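Asks: A single structure is presented below for examination.
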Amino acid sequence: MGGVIPAPLHKGPKMSRYEPSVIEPKWQQAWDDAQVFEAKRDPLKPKYYVLEMFPYPSGRIHMGHVRNYTMGDVVARTKAAQGYSVLHPMGWDAFGMPAENAAMERGGHPRDWTEGNITEMKAQMKPLGLSIDWSREIATCRPEYYGQQQAMFIDMMEQGLVYRKNAVVNWDPVDMTVLANEQVIDGRGWRSNALVERRELTQWFFKISDYSGELLEALDGLTHWPEKVRLMQANWIGKSQGLQFAFDTVGAPAGFDRLEVYTTRPDTLMGASFAAISPDHPLAKALESDPKIAEFVARCRKGGTSAEEIETAEKIGFDTGVRVKHPLNPDWELPVWIANFILMDYGTGAIFGCPAHDARDFEFATKYRLDIKSVFVAEGAEDAPLTEAFVPMKSEPVHYVRGFSGAALQTGEAAVAAAIAHAEAHGYGKGVTNYRLRDWGISRQRYWGCPIPVIHCETCGVVAEKKENLPVELPYDVTFDIPGNPLDRHPTWRNCTCPNCNAPARRETDTMDTFVDSSWYYARFTAPHAKTPTVAEDADYWMNVDQYIGGIEHAILHLLYSRFFARAMFKTGHLPAKAIEPFNALFTQGMVTHEIYKTTDANGRPVYHLPEDIIRSDAGATLADGTLVEVIPSAKMSKSKKNVVDPMNIISAFGADTARWFVMSDSPPERDVEWTASGAEATFKHLSRVWALCSRIGEMPADHKGEGDEELLRATHRAIAEVTAGIEGFAFNKAIAKLYEFTNAIARSSASTSVLKEAIRTLAKLMSPMTPHIAESIWSFQGGAGLCTQAPWPKADPALLVDDTVTLPIQINGKRRAEISVPKDMSAADVEKIALANEDVVRFLAGQPVKKLIVVPGRIVNVVV
RNA sequence: GCGGGCGUGGCGGAACGGUAGACGCGGCAGACUCAAAAUCUGCUAUCGCAAGGUGUGUCGGUUCGAGUCCGACCGCCCGCACCA
């Protein structure tokens, strides 16, 4: 590279060596001094709000953080240069169990542990040179934040969005807390990995189910969200339409004259052979005076909830002796069973069983020898005994042999509609829409969370705390020597007076799920230190988040809760209507991965090794003592597998710019990126080459006239267009590829000094979102005005983007055979002539007649023979 | 089981339906060195001396033209999962 730039006959100054450890702190100081990243409401500028999902303060940043925040930073810096007033804040998702676990394991206090971690992580993030407005920093564990959350909780209570109920909950026996359904993964606690048990407790809930339909429908408007995330949310909300109706019962306990059931296949009503209720159904409880039933129900409860167990779980049932009358024929009675596979919290917790057309019912009926009667058969088929449930697509027409409404030959869809119409016309049932989405249980029996601001009074019941008494602060004097919630056993905190009647009362000791904290932090960033949850003018100006960036693992929980919370905040007057969908665009980035290095100890157990302890050679990977190491392909960085790279090591070895550039290069941002030592080193070498190139151009005589000015100018503008498009399209890897090309073009050029200087200043500006520090050095060395960070983004001149002549490939029958160079606006007819006269074309045609000739202007010529 | 995604060199990956493999890594060769490192230059899908042929998981289809669109299959990944 660089052979053509005149050797220093020079006048200009030479640049010192590329030393990131020298220039990076220097430029960060310069940015701080100029307060360039402070977000200001500016009525004259369009605003742009970039947000990366805020981190949990574990104490150490990892490469995933570096990638996430660099992406956001590239967007933020580019938008700022393009003239937007940018909000790019950072905060801490600081409540949660690890702090309590640390307190239990090592002593100390969750608050001290958390605040210490925040200090440490912030110190690790600072050297990255992110364009963050740190004056807006928030931590969810600070009263300034959670006090406002409590105020909103009270507002939500008033609006009927909060309620309390007894519920069978997922109890994590290790963390001794309740988990939301969303926090149970394969029947295990998402954090503790312990098998979850079922318990009945009084819990606080948010009425997210009020918004099921809206949260589903509004997904269509989220056009800048990944399709995948929208689908996952739609599936999670799980809309279904069906019929709800009641059976009249025979021989049921008092108060159970009717049994409500829900079905999505009312067209199969004539195939009913039993009714079944959940073990948690009120009727089952009413029947528990029968010891056999009590015993059976207990047996159902015990069943594990792990994925394997559910999948292989045998369907078990118990015939209660109660019977129900078929709605279409009162003389036809069906037995009522309690069955372990009926869920209490979906539909009505009771079903009618149609074994012929439901796989579960079929299995159940086969086991307990219940009738299996087909309602419909495939077109043209006989009504023969079934060996498995016949469940065709609802869109497929089938022949109804036991239908009761609609045509004999109709699709399932049509039959369902006809059946619902029939039920409504005859008054025995109604069409109902059901959702899988349950209300959000937010009670946690933990200390390190936002206290639920209510008080239990013997005379007044459950009363909200007065707003002037907020925040309800967590007491500091707690201990963690025994499991459970220290708030429960706090000597004084629990005791308080009723805000209503001033009688002695008890404070609620449940705290909120940490997902509540992260459901509105994006709104708080618009006025992070206000005495109210939000401030209207600030929320109006800054909302919505224009670009949200984070991991796909939050596709359902966090994003769904946030969408709900924004609606709740609108309802309680804390957000404008436009903010009910708070994230205009969402980008889900991939993970940073690394190879895993494994050996085996004497007992055959795996031993993992850190990347820095591995020596790679042609022979493979070994330890320092020569032991051969097994190399396992890249996986998510994990401390237990020791395949971690500490960003701090990278920064001290190569600088922040290298780390930032590397995590953005090579891999498309939505995909995983593999961290390799050679890749990081190669990045550093590249940046050093850019530095050297800058130095060489600086040494050139200022008045040197060279050749190829026009060409370099065109390359410069092409780079502007392509890099800009890459960044704006979240194709950072392509933007970086174009920057490599542009760098090579400059290095090869022997243009005049002035054109070269302009080119390398442009290069610096285009690199600055990715590598802001080296960009500043180049910018100032080459005489750029002010800070590169504050310089406007260059605009490509369209006239310089098109070449005067274009190279057209010529295909014969779709195969490339020749190419011609023609003026870009040459007419198709002239192109045809030149193409057919081309000697290669003539040779390949060998006199065959041309059947067809396709000329795509500026693109290609295809000759068909 | 249901829903979704993805298969391109040794590797990460480019490619409005229009020259497949941009750019980077790695590798090879050369220059500079007494030598090495660093740096620079060139080459690097594959078969073939060449002309040329073959190539984007497999098989078909649409098209003047398919990595890209359609159908079937194979493989991998992700999400949900007894939701009536």
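Here, A, B, ... name the chains of the structure tokens in the order displayed, residue numbers run from 1 inside each chain, and ligands are numbered from 1 in the same displayed order.
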Chain A residues within 8 Å of chain B, counting only C-alpha atoms (C1' of nucleotides): which ones, as a PyMOL selection string?
Replies: chain A and resi 1+228+231-232+235-236+238+262-264+310+341-343+346+351-352+360+436+666-667+674+678-679+682+734+736-738+740-741+809+813-814+816+852-854+856+859-860+862-864
Asks: Skipping near chain neighbours, those fewer than 2 positions away, what residues fall within 10 Å of Glu681 (chain A) using only C-alpha atoms (C1' of nucleotides), listed as JSON, numbers by chain?
Replies: {"A": [650, 653, 654, 658, 659, 662, 676, 677, 678, 679, 683, 684, 685, 686, 687]}
Asks: If you keep N, CA and C atoms, can you produce a file of those selected residues as a short mmCIF file (atom, residue, chain, number, x, y, z; two decimals), in the first residue's frame?
Replies:
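As a result, out.cif now contains:
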```cif
data_model
loop_
_atom_site.label_atom_id
_atom_site.label_comp_id
_atom_site.auth_asym_id
_atom_site.auth_seq_id
_atom_site.Cartn_x
_atom_site.Cartn_y
_atom_site.Cartn_z
N ILE A 650 -8.63 -6.03 26.03
CA ILE A 650 -8.55 -5.62 24.63
C ILE A 650 -8.24 -4.13 24.54
N ALA A 653 -4.71 -3.46 25.43
CA ALA A 653 -3.76 -3.96 24.44
C ALA A 653 -3.82 -3.18 23.13
N PHE A 654 -5.04 -2.89 22.65
CA PHE A 654 -5.18 -2.30 21.31
C PHE A 654 -5.92 -0.97 21.30
N THR A 658 -10.06 -0.10 18.35
CA THR A 658 -9.91 -1.44 17.78
C THR A 658 -11.05 -2.34 18.23
N ALA A 659 -11.39 -2.31 19.53
CA ALA A 659 -12.48 -3.13 20.04
C ALA A 659 -13.78 -2.76 19.34
N PHE A 662 -13.71 -3.79 15.57
CA PHE A 662 -13.76 -5.23 15.37
C PHE A 662 -15.16 -5.81 15.63
N THR A 676 -12.03 -13.32 17.59
CA THR A 676 -10.77 -14.03 17.41
C THR A 676 -9.63 -13.07 17.71
N ALA A 677 -8.60 -13.62 18.32
CA ALA A 677 -7.44 -12.79 18.65
C ALA A 677 -6.82 -12.22 17.39
N SER A 678 -6.77 -13.04 16.32
CA SER A 678 -6.13 -12.57 15.08
C SER A 678 -6.95 -11.45 14.46
N GLY A 679 -8.28 -11.55 14.60
CA GLY A 679 -9.14 -10.51 14.05
C GLY A 679 -8.91 -9.18 14.74
N THR A 683 -7.37 -5.75 13.06
CA THR A 683 -8.04 -4.46 13.14
C THR A 683 -7.04 -3.38 13.59
N PHE A 684 -6.28 -3.72 14.61
CA PHE A 684 -5.29 -2.75 15.09
C PHE A 684 -4.29 -2.39 14.00
N LYS A 685 -3.89 -3.41 13.24
CA LYS A 685 -2.95 -3.14 12.14
C LYS A 685 -3.57 -2.21 11.11
N HIS A 686 -4.84 -2.45 10.83
CA HIS A 686 -5.50 -1.60 9.86
C HIS A 686 -5.53 -0.14 10.33
N LEU A 687 -5.90 0.04 11.60
CA LEU A 687 -5.96 1.41 12.12
C LEU A 687 -4.57 2.05 12.09
#
```
Asks: Mind checking DSSP for region 139-191 of chain A and telling me the strand (DSSP E) residues as a PyMOL selection string?
Replies: chain A and resi 139+162-172+177-179+184-185+188-189
Asks: Mind checking DSSP for region 138-385 of chain A and telling me the alpha helix (DSSP H) residues as a PyMOL selection string?
Replies: chain A and resi 143-158+212-217+227-237+282-286+291-302+307-312+359-367
Asks: Mind pulling up the distance from CA of Arg199 (chain A) to CA of Phe153 (chain A)?
Replies: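 These two atoms are separated by 25.3 Å.
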Asks: Name the closest residue to G27 (chain B) among the candidates B:G71, B:G52, B:G42, B:G10; distances are taken between atoms, counting only C-alpha atoms (C1' of nucleotides).
Replies: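 Of B:G71, B:G52, B:G42, B:G10, the one nearest G27 (chain B), counting only C-alpha atoms (C1' of nucleotides), is B:G10.
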